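Dumped input-v8.cif below, it's mmCIF, C-alpha atoms:
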```cif
data_structure
loop_
_atom_site.group_PDB
_atom_site.id
_atom_site.type_symbol
_atom_site.label_atom_id
_atom_site.label_comp_id
_atom_site.auth_asym_id
_atom_site.auth_seq_id
_atom_site.Cartn_x
_atom_site.Cartn_y
_atom_site.Cartn_z
ATOM 1 C CA MET A 281 141.225 90.358 68.504
ATOM 2 C CA SER A 282 137.943 90.263 70.421
ATOM 3 C CA ARG A 283 135.781 87.245 71.142
ATOM 4 C CA PHE A 284 132.286 87.425 72.633
ATOM 5 C CA VAL A 285 130.507 84.773 74.690
ATOM 6 C CA HIS A 286 126.779 85.084 75.410
ATOM 7 C CA ILE A 287 125.559 83.631 78.721
ATOM 8 C CA HIS A 288 122.716 81.146 78.307
ATOM 9 C CA VAL A 289 120.229 80.148 80.985
ATOM 10 C CA GLU A 290 121.916 76.810 81.676
ATOM 11 C CA GLU A 291 125.249 78.602 82.170
ATOM 12 C CA GLU A 292 123.989 81.097 84.713
ATOM 13 C CA GLY A 293 125.931 80.925 87.967
ATOM 14 C CA LEU A 294 129.006 79.190 86.495
ATOM 15 C CA ARG A 295 132.445 80.607 87.277
ATOM 16 C CA VAL A 296 133.743 82.755 84.428
ATOM 17 C CA ASP A 297 137.007 80.808 83.993
ATOM 18 C CA LYS A 298 135.215 77.464 83.811
ATOM 19 C CA LEU A 299 132.540 78.786 81.470
ATOM 20 C CA LEU A 300 135.031 80.302 79.019
ATOM 21 C CA ALA A 301 137.318 77.259 79.035
ATOM 22 C CA SER A 302 134.362 75.121 77.945
ATOM 23 C CA SER A 303 133.081 77.694 75.434
ATOM 24 C CA LEU A 304 136.393 78.463 73.702
ATOM 25 C CA GLU A 305 137.988 75.198 72.629
ATOM 26 C CA GLU A 306 141.342 76.807 71.807
ATOM 27 C CA LEU A 307 141.908 78.009 75.390
ATOM 28 C CA THR A 308 142.683 76.022 78.523
ATOM 29 C CA ARG A 309 141.323 77.099 81.883
ATOM 30 C CA SER A 310 144.763 78.359 82.936
ATOM 31 C CA ALA A 311 145.043 80.392 79.710
ATOM 32 C CA VAL A 312 141.636 81.913 80.461
ATOM 33 C CA GLN A 313 142.750 82.741 84.002
ATOM 34 C CA ASN A 314 145.841 84.502 82.653
ATOM 35 C CA LEU A 315 143.660 86.628 80.370
ATOM 36 C CA ILE A 316 141.428 87.486 83.336
ATOM 37 C CA GLU A 317 144.428 88.522 85.446
ATOM 38 C CA GLU A 318 145.589 90.783 82.605
ATOM 39 C CA GLY A 319 142.180 92.495 82.562
ATOM 40 C CA ARG A 320 141.330 91.154 79.099
ATOM 41 C CA VAL A 321 137.981 89.629 80.139
ATOM 42 C CA THR A 322 135.158 92.125 80.700
ATOM 43 C CA CYS A 323 131.385 92.396 80.965
ATOM 44 C CA CYS A 324 129.631 95.733 80.341
ATOM 45 C CA GLY A 325 133.064 97.367 80.335
ATOM 46 C CA ARG A 326 134.121 96.114 83.777
ATOM 47 C CA PRO A 327 136.963 93.602 84.266
ATOM 48 C CA LEU A 328 135.874 90.252 85.662
ATOM 49 C CA THR A 329 137.494 88.040 88.264
ATOM 50 C CA LYS A 330 137.922 84.320 87.569
ATOM 51 C CA SER A 331 135.311 83.430 90.187
ATOM 52 C CA ALA A 332 132.723 85.926 88.943
ATOM 53 C CA LYS A 333 129.305 84.463 88.148
ATOM 54 C CA LEU A 334 127.094 86.074 85.523
ATOM 55 C CA LYS A 335 123.421 86.073 84.674
ATOM 56 C CA ALA A 336 121.716 84.742 81.553
ATOM 57 C CA GLY A 337 121.620 87.344 78.796
ATOM 58 C CA GLU A 338 124.908 88.999 79.741
ATOM 59 C CA GLU A 339 127.838 88.960 77.344
ATOM 60 C CA ILE A 340 131.530 88.475 78.060
ATOM 61 C CA GLN A 341 134.155 90.168 75.898
ATOM 62 C CA ILE A 342 137.582 88.541 75.641
ATOM 63 C CA GLU A 343 140.523 90.468 74.176
ATOM 64 C CA LEU A 344 142.968 87.903 72.800
ATOM 65 C CA PRO A 345 146.585 89.056 72.375
ATOM 66 C CA GLU A 346 147.803 89.607 68.845
ATOM 67 C CA VAL A 347 149.880 86.772 67.449
ATOM 68 C CA ARG A 348 153.405 88.132 67.173
ATOM 69 C CA PRO A 349 155.542 86.954 64.265
ATOM 70 C CA LEU A 350 158.273 84.521 65.215
ATOM 71 C CA GLU A 351 161.716 85.978 64.541
ATOM 72 C CA VAL A 352 163.322 82.597 64.052
ATOM 73 C CA LEU A 353 164.337 81.157 60.714
ATOM 74 C CA PRO A 354 163.421 77.647 59.556
ATOM 75 C CA GLU A 355 166.416 75.335 59.307
ATOM 76 C CA ASP A 356 166.679 72.024 57.507
ATOM 77 C CA ILE A 357 167.730 69.968 60.527
ATOM 78 C CA PRO A 358 166.941 66.225 60.455
ATOM 79 C CA LEU A 359 164.335 65.159 62.993
ATOM 80 C CA ASP A 360 163.491 61.732 64.392
ATOM 81 C CA ILE A 361 159.667 61.720 64.305
ATOM 82 C CA PRO A 362 158.130 58.437 65.521
ATOM 83 C CA TYR A 363 154.559 59.733 65.093
ATOM 84 C CA GLU A 364 152.814 62.480 63.111
ATOM 85 C CA ASP A 365 149.303 63.347 61.951
ATOM 86 C CA GLU A 366 147.327 66.499 61.069
ATOM 87 C CA ASP A 367 147.024 67.576 64.723
ATOM 88 C CA LEU A 368 150.351 66.747 66.331
ATOM 89 C CA LEU A 369 153.726 65.125 66.068
ATOM 90 C CA VAL A 370 156.118 63.468 68.506
ATOM 91 C CA VAL A 371 159.846 64.178 68.227
ATOM 92 C CA ASN A 372 162.657 62.077 69.664
ATOM 93 C CA LYS A 373 164.973 64.951 70.628
ATOM 94 C CA PRO A 374 168.710 64.226 70.684
ATOM 95 C CA LYS A 375 170.907 65.149 73.634
ATOM 96 C CA GLY A 376 172.422 68.603 73.232
ATOM 97 C CA MET A 377 169.601 70.141 71.193
ATOM 98 C CA VAL A 378 168.000 73.264 72.669
ATOM 99 C CA VAL A 379 164.203 73.336 72.395
ATOM 100 C CA HIS A 380 163.467 77.089 72.177
ATOM 101 C CA PRO A 381 165.798 79.792 70.790
ATOM 102 C CA ALA A 382 167.423 81.947 73.463
ATOM 103 C CA PRO A 383 170.419 84.278 73.698
ATOM 104 C CA GLY A 384 173.402 82.208 72.670
ATOM 105 C CA HIS A 385 171.167 79.619 70.997
ATOM 106 C CA GLU A 386 169.402 81.523 68.223
ATOM 107 C CA SER A 387 169.815 78.711 65.689
ATOM 108 C CA GLY A 388 170.072 74.944 65.557
ATOM 109 C CA THR A 389 167.138 74.536 67.959
ATOM 110 C CA LEU A 390 164.161 72.226 67.777
ATOM 111 C CA VAL A 391 161.993 75.246 66.954
ATOM 112 C CA ASN A 392 164.149 76.052 63.918
ATOM 113 C CA ALA A 393 163.823 72.452 62.741
ATOM 114 C CA LEU A 394 160.049 72.359 63.313
ATOM 115 C CA LEU A 395 159.498 75.568 61.361
ATOM 116 C CA HIS A 396 161.173 73.931 58.371
ATOM 117 C CA HIS A 397 159.326 70.628 58.803
ATOM 118 C CA CYS A 398 155.835 71.992 59.532
ATOM 119 C CA GLY A 399 155.816 75.455 58.018
ATOM 120 C CA SER A 400 152.818 77.423 59.280
ATOM 121 C CA SER A 401 151.080 74.326 60.659
ATOM 122 C CA LEU A 402 151.980 74.950 64.284
ATOM 123 C CA SER A 403 149.972 76.312 67.202
ATOM 124 C CA GLY A 404 150.282 79.888 68.469
ATOM 125 C CA ILE A 405 148.029 79.474 71.463
ATOM 126 C CA ASN A 406 149.810 81.920 73.775
ATOM 127 C CA GLY A 407 149.732 84.863 71.415
ATOM 128 C CA VAL A 408 153.131 84.037 69.955
ATOM 129 C CA ALA A 409 153.466 82.361 66.578
ATOM 130 C CA ARG A 410 155.830 79.667 67.709
ATOM 131 C CA PRO A 411 155.668 75.903 67.397
ATOM 132 C CA GLY A 412 153.243 74.506 69.952
ATOM 133 C CA ILE A 413 155.601 72.566 72.135
ATOM 134 C CA VAL A 414 153.244 71.428 74.860
ATOM 135 C CA HIS A 415 155.960 70.417 77.336
ATOM 136 C CA ARG A 416 159.730 70.799 77.363
ATOM 137 C CA ILE A 417 162.779 68.750 78.151
ATOM 138 C CA ASP A 418 166.186 70.189 78.965
ATOM 139 C CA LYS A 419 168.910 70.690 76.377
ATOM 140 C CA ASP A 420 170.961 67.735 77.620
ATOM 141 C CA THR A 421 167.994 65.447 78.259
ATOM 142 C CA SER A 422 167.155 63.221 75.301
ATOM 143 C CA GLY A 423 163.828 61.728 74.335
ATOM 144 C CA LEU A 424 160.210 62.235 73.399
ATOM 145 C CA LEU A 425 158.504 65.595 73.111
ATOM 146 C CA ILE A 426 154.999 66.296 71.811
ATOM 147 C CA VAL A 427 154.276 69.213 69.462
ATOM 148 C CA ALA A 428 150.805 70.573 68.650
ATOM 149 C CA LYS A 429 150.039 71.665 65.094
ATOM 150 C CA ASN A 430 146.971 73.720 66.019
ATOM 151 C CA ASP A 431 145.474 75.483 69.017
ATOM 152 C CA PHE A 432 142.753 72.858 69.465
ATOM 153 C CA ALA A 433 145.318 70.085 69.926
ATOM 154 C CA HIS A 434 147.554 72.269 72.092
ATOM 155 C CA SER A 435 144.695 73.149 74.431
ATOM 156 C CA ARG A 436 143.503 69.571 74.863
ATOM 157 C CA LEU A 437 147.005 68.190 75.435
ATOM 158 C CA ALA A 438 147.825 70.936 77.947
ATOM 159 C CA GLU A 439 144.654 70.052 79.859
ATOM 160 C CA GLN A 440 145.859 66.452 80.187
ATOM 161 C CA ILE A 441 149.185 67.603 81.600
ATOM 162 C CA GLN A 442 147.417 69.874 84.093
ATOM 163 C CA ALA A 443 145.128 67.004 85.112
ATOM 164 C CA HIS A 444 148.141 64.661 85.554
ATOM 165 C CA THR A 445 146.719 62.186 83.019
ATOM 166 C CA PHE A 446 149.597 62.614 80.550
ATOM 167 C CA THR A 447 152.150 59.791 80.904
ATOM 168 C CA ARG A 448 155.816 60.858 80.995
ATOM 169 C CA GLU A 449 158.312 58.149 81.810
ATOM 170 C CA TYR A 450 162.076 58.587 82.006
ATOM 171 C CA SER A 451 165.195 56.468 82.375
ATOM 172 C CA ALA A 452 168.132 57.744 84.410
ATOM 173 C CA VAL A 453 171.388 56.645 85.936
ATOM 174 C CA VAL A 454 171.854 58.156 89.389
ATOM 175 C CA TYR A 455 174.583 58.048 92.027
ATOM 176 C CA GLY A 456 174.426 55.559 94.876
ATOM 177 C CA GLY A 457 172.380 52.508 95.759
ATOM 178 C CA PHE A 458 168.810 51.971 96.962
ATOM 179 C CA SER A 459 167.686 49.522 99.626
ATOM 180 C CA GLN A 460 164.114 49.695 98.362
ATOM 181 C CA GLU A 461 162.780 48.711 94.926
ATOM 182 C CA SER A 462 160.655 51.829 94.428
ATOM 183 C CA GLY A 463 159.772 55.131 96.006
ATOM 184 C CA VAL A 464 158.093 58.514 95.689
ATOM 185 C CA VAL A 465 159.553 61.996 96.084
ATOM 186 C CA ASP A 466 156.830 64.430 97.121
ATOM 187 C CA ALA A 467 158.558 67.781 97.640
ATOM 188 C CA PRO A 468 157.652 71.267 96.329
ATOM 189 C CA ILE A 469 159.984 72.929 93.843
ATOM 190 C CA GLY A 470 160.671 76.622 93.331
ATOM 191 C CA ARG A 471 163.375 79.000 92.167
ATOM 192 C CA HIS A 472 166.587 78.683 94.201
ATOM 193 C CA PRO A 473 166.681 81.580 96.687
ATOM 194 C CA THR A 474 170.235 82.686 95.814
ATOM 195 C CA GLU A 475 171.184 80.945 92.548
ATOM 196 C CA ARG A 476 168.471 82.163 90.215
ATOM 197 C CA LYS A 477 169.346 79.826 87.342
ATOM 198 C CA LYS A 478 168.719 76.797 89.553
ATOM 199 C CA MET A 479 165.609 75.237 91.011
ATOM 200 C CA ALA A 480 165.398 73.756 94.504
ATOM 201 C CA VAL A 481 163.138 71.917 96.916
ATOM 202 C CA LEU A 482 161.570 74.617 99.105
ATOM 203 C CA LEU A 483 159.581 73.104 101.942
ATOM 204 C CA ASN A 484 158.225 76.279 103.520
ATOM 205 C CA SER A 485 157.859 78.679 100.640
ATOM 206 C CA SER A 486 154.646 80.056 99.162
ATOM 207 C CA SER A 487 156.402 80.387 95.792
ATOM 208 C CA ALA A 488 157.204 76.658 95.530
ATOM 209 C CA ARG A 489 154.872 74.430 93.521
ATOM 210 C CA HIS A 490 153.750 70.894 94.284
ATOM 211 C CA ALA A 491 156.023 68.302 92.639
ATOM 212 C CA LEU A 492 155.702 64.507 92.666
ATOM 213 C CA THR A 493 158.077 61.955 91.143
ATOM 214 C CA HIS A 494 157.725 58.148 91.227
ATOM 215 C CA TYR A 495 160.766 55.926 90.696
ATOM 216 C CA TRP A 496 161.584 52.218 90.344
ATOM 217 C CA VAL A 497 164.960 50.453 90.412
ATOM 218 C CA VAL A 498 165.821 48.854 87.064
ATOM 219 C CA LYS A 499 169.388 47.685 87.684
ATOM 220 C CA ARG A 500 172.016 48.137 90.378
ATOM 221 C CA PHE A 501 175.662 48.902 89.644
ATOM 222 C CA SER A 502 178.711 49.628 91.758
ATOM 223 C CA GLY A 503 178.194 53.248 92.839
ATOM 224 C CA PHE A 504 175.216 53.837 90.533
ATOM 225 C CA THR A 505 171.621 52.740 89.946
ATOM 226 C CA GLN A 506 169.552 52.729 86.775
ATOM 227 C CA LEU A 507 166.032 54.017 87.479
ATOM 228 C CA ARG A 508 162.706 54.233 85.721
ATOM 229 C CA LEU A 509 160.895 57.418 86.733
ATOM 230 C CA GLN A 510 157.435 58.781 86.125
ATOM 231 C CA LEU A 511 156.388 62.401 86.494
ATOM 232 C CA GLU A 512 153.038 63.225 88.056
ATOM 233 C CA THR A 513 153.802 66.939 87.797
ATOM 234 C CA GLY A 514 156.102 68.731 85.380
ATOM 235 C CA ARG A 515 158.207 71.305 87.191
ATOM 236 C CA THR A 516 161.408 72.739 85.720
ATOM 237 C CA HIS A 517 164.310 70.295 86.266
ATOM 238 C CA GLN A 518 161.970 68.168 88.411
ATOM 239 C CA ILE A 519 163.740 64.795 88.190
ATOM 240 C CA ARG A 520 167.185 66.360 88.535
ATOM 241 C CA VAL A 521 166.145 68.411 91.587
ATOM 242 C CA HIS A 522 164.246 65.575 93.277
ATOM 243 C CA MET A 523 167.017 63.027 92.798
ATOM 244 C CA ALA A 524 169.619 65.437 94.157
ATOM 245 C CA TYR A 525 167.317 66.210 97.096
ATOM 246 C CA ILE A 526 167.201 62.555 98.175
ATOM 247 C CA GLY A 527 170.961 62.184 97.780
ATOM 248 C CA HIS A 528 171.016 60.459 94.386
ATOM 249 C CA PRO A 529 171.830 63.121 91.755
ATOM 250 C CA VAL A 530 171.672 62.156 88.100
ATOM 251 C CA ALA A 531 175.026 61.051 86.686
ATOM 252 C CA GLY A 532 176.657 63.733 84.556
ATOM 253 C CA ASP A 533 174.449 66.547 85.863
ATOM 254 C CA PRO A 534 176.663 69.670 85.934
ATOM 255 C CA VAL A 535 174.134 71.727 87.922
ATOM 256 C CA TYR A 536 172.727 69.442 90.629
ATOM 257 C CA GLY A 537 175.371 66.739 90.725
ATOM 258 C CA PRO A 538 178.729 66.553 92.533
ATOM 259 C CA LYS A 539 181.466 69.044 91.700
ATOM 260 C CA LYS A 540 183.472 66.342 89.948
ATOM 261 C CA VAL A 541 181.224 65.923 86.904
ATOM 262 C CA ILE A 542 181.365 62.913 84.578
ATOM 263 C CA THR A 543 182.325 64.996 81.555
ATOM 264 C CA SER A 544 182.171 62.094 79.107
ATOM 265 C CA LEU A 545 178.355 62.148 79.415
ATOM 266 C CA GLN A 546 178.215 65.809 78.316
ATOM 267 C CA GLY A 547 175.255 66.458 80.589
ATOM 268 C CA GLN A 548 172.824 64.445 82.682
ATOM 269 C CA CYS A 549 172.166 60.765 81.901
ATOM 270 C CA LEU A 550 168.419 61.250 81.555
ATOM 271 C CA HIS A 551 166.157 60.039 78.745
ATOM 272 C CA ALA A 552 162.442 60.698 78.209
ATOM 273 C CA GLY A 553 161.674 57.242 76.907
ATOM 274 C CA LYS A 554 157.868 57.034 76.984
ATOM 275 C CA ILE A 555 154.877 59.330 76.598
ATOM 276 C CA GLY A 556 151.197 58.437 76.604
ATOM 277 C CA PHE A 557 148.181 60.647 75.979
ATOM 278 C CA ILE A 558 144.604 60.770 74.733
ATOM 279 C CA HIS A 559 144.591 61.968 71.147
ATOM 280 C CA PRO A 560 142.722 65.303 71.169
ATOM 281 C CA ARG A 561 140.615 64.453 68.117
ATOM 282 C CA SER A 562 140.217 60.675 67.960
ATOM 283 C CA LYS A 563 140.045 60.312 71.787
ATOM 284 C CA GLU A 564 142.193 57.168 71.487
ATOM 285 C CA TYR A 565 145.059 56.554 73.911
ATOM 286 C CA LEU A 566 148.460 56.677 72.211
ATOM 287 C CA GLU A 567 151.692 55.538 73.805
ATOM 288 C CA LEU A 568 155.113 55.894 72.213
ATOM 289 C CA GLU A 569 158.532 54.703 73.318
ATOM 290 C CA ALA A 570 162.061 55.700 72.306
ATOM 291 C CA PRO A 571 164.905 53.247 72.966
ATOM 292 C CA LEU A 572 167.852 54.249 75.121
ATOM 293 C CA PRO A 573 170.280 56.307 73.016
ATOM 294 C CA ALA A 574 173.927 55.403 72.456
ATOM 295 C CA TYR A 575 175.347 57.775 75.095
ATOM 296 C CA PHE A 576 173.133 56.113 77.726
ATOM 297 C CA THR A 577 173.818 52.496 76.786
ATOM 298 C CA GLY A 578 177.514 53.316 76.362
ATOM 299 C CA PHE A 579 177.698 54.599 79.927
ATOM 300 C CA LEU A 580 175.849 51.552 81.251
ATOM 301 C CA SER A 581 178.316 49.249 79.508
ATOM 302 C CA LYS A 582 181.179 50.791 81.476
ATOM 303 C CA LEU A 583 179.570 50.216 84.868
ATOM 304 C CA LYS A 584 180.077 47.112 86.997
ATOM 305 C CA GLU A 585 176.971 45.301 88.197
ATOM 306 C CA ALA A 586 176.466 45.366 91.947
#
```

Before anything else, please render the file you have as structure tokens.
Amino acid sequence: MSRFVHIHVEEEGLRVDKLLASSLEELTRSAVQNLIEEGRVTCCGRPLTKSAKLKAGEEIQIELPEVRPLEVLPEDIPLDIPYEDEDLLVVNKPKGMVVHPAPGHESGTLVNALLHHCGSSLSGINGVARPGIVHRIDKDTSGLLIVAKNDFAHSRLAEQIQAHTFTREYSAVVYGGFSQESGVVDAPIGRHPTERKKMAVLLNSSSARHALTHYWVVKRFSGFTQLRLQLETGRTHQIRVHMAYIGHPVAGDPVYGPKKVITSLQGQCLHAGKIGFIHPRSKEYLELEAPLPAYFTGFLSKLKEA
């Protein structure tokens, strides 16, 4: 599908990626840059670079990828939805639920449940007709996840995440004690150099991406600490990697924690308890909270206060 953008006098000299992101409300600047890198953005038949600057009167042609049908069946799976309107919904995902279908997890996922709940009212902003999950949480992390029902909402919410204005607050129980009441982990994260299914802090790697996590002590226990954490960036496994990096892996984490895993937790003791964002249409700030789930409070009840 082709889209055309005519350059007006007041737009002359603007970078192509910035101009298109402001002209096409369904696309973020990063989505535009991806299209440019794929050679899908042209002027007079020649591919453009993201920093190209055009003259008034010229016309940009954008080839959007075809929306591919989603080969996943809707499933009537109960969902905890603390908020929903015509543009978006927020799901309180239970521990153990996979977000996107993948080999070995073709059914029973959040996507299957959303397809049943929302039908066709879900964004397909990346050329794939799949529910517009704007950000993810791991299978064994519980808590709040935002879903866009249309490309307009998806684009605007993604922009907030990229601009670090989207609030994501977590609760965790980690190993060890802290002498300080709060701290920041500022360490880049990339794919582990030898274990490709893991992420790692990579201090001198061009492939690593900036990652920043804030944390505050909530309660101290013998051998463990309950933390409140806030993400400024959203890298894969960020909290789990950062906590392990500073010597305080998340309790129950089978990947980044100690070899002797707390199996009763069935995965990391990590809960996405709060999200806050500007509603893409009303422009009002919304903030939602999900209480600590039973597995989390049950584990806390077994710990001895320090």

* To do: Name the residues that the PyMOL selection byres ((chain A and resi 567) around 8) pulls out of this structure, and write them as a PyMOL selection string.
  => chain A and resi 554-557+565-566+568-569

* Out of A:Tyr455, A:Phe576, A:Tyr525, A:Tyr536, which residue has the shortest atom-to-atom distance to Gly503 of chain A when counting all atoms listed in the file? ->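 Ranked by minimum distance to Gly503 of chain A, first place goes to A:Tyr455.
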
* Asked: Which polymer residues have any atom within 8 Å of an atom of Ile413 of chain A, counting all atoms listed in the file, with same-chain residues fewer than 2 positions away left out, as a PyMOL selection string?
  -> chain A and resi 411+415-416+425-428

* Asked: In Å, how far is it from atom CA of Ser302 of chain A to atom CA of Asn430 of chain A?
  -> 17.4 Å

* **Expected selection from the PyMOL selection byres ((chain A and resi 504-518) around 7), given as a PyMOL selection string** => chain A and resi 444+448-457+479+491-503+519-522

Quick one: which residues end up in the PyMOL selection byres ((chain A and resi 418) around 12) for this structure, as a compact mmCIF listing (two decimals) with C-alpha atoms, in the coordinates of the input?
```
# COMPACT_ATOMS: atom_id res chain seq x y z
CA LYS A 373 164.97 64.95 70.63
CA PRO A 374 168.71 64.23 70.68
CA LYS A 375 170.91 65.15 73.63
CA GLY A 376 172.42 68.60 73.23
CA MET A 377 169.60 70.14 71.19
CA VAL A 378 168.00 73.26 72.67
CA VAL A 379 164.20 73.34 72.40
CA HIS A 380 163.47 77.09 72.18
CA THR A 389 167.14 74.54 67.96
CA LEU A 390 164.16 72.23 67.78
CA HIS A 415 155.96 70.42 77.34
CA ARG A 416 159.73 70.80 77.36
CA ILE A 417 162.78 68.75 78.15
CA LYS A 419 168.91 70.69 76.38
CA ASP A 420 170.96 67.74 77.62
CA THR A 421 167.99 65.45 78.26
CA SER A 422 167.16 63.22 75.30
CA GLY A 423 163.83 61.73 74.33
CA LEU A 424 160.21 62.24 73.40
CA LEU A 425 158.50 65.60 73.11
CA ARG A 515 158.21 71.31 87.19
CA THR A 516 161.41 72.74 85.72
CA HIS A 517 164.31 70.30 86.27
CA GLN A 518 161.97 68.17 88.41
CA ILE A 519 163.74 64.80 88.19
CA ARG A 520 167.18 66.36 88.54
CA ASP A 533 174.45 66.55 85.86
CA GLY A 547 175.26 66.46 80.59
CA GLN A 548 172.82 64.44 82.68
CA CYS A 549 172.17 60.76 81.90
CA LEU A 550 168.42 61.25 81.56
CA HIS A 551 166.16 60.04 78.74
CA ALA A 552 162.44 60.70 78.21
```

* Two-atom distance - atom CA of Val371 of chain A, atom CA of His396 of chain A (Å) ->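 If I compute the distance from atom CA of Val371 of chain A to atom CA of His396 of chain A, I get 13.9 Å.
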
* Asked: Interatomic distance between atom CA of His286 of chain A and atom CA of Glu346 of chain A?
  ->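 Straight-line distance from atom CA of His286 of chain A to atom CA of Glu346 of chain A works out to 22.5 Å.
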
* Minimum-distance residue to Glu290 of chain A, chosen among A:Ser487, A:Glu318, A:Gly337, A:Lys540 (using only C-alpha atoms) ->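 Among A:Ser487, A:Glu318, A:Gly337, A:Lys540, it is A:Gly337 that comes nearest to Glu290 of chain A.
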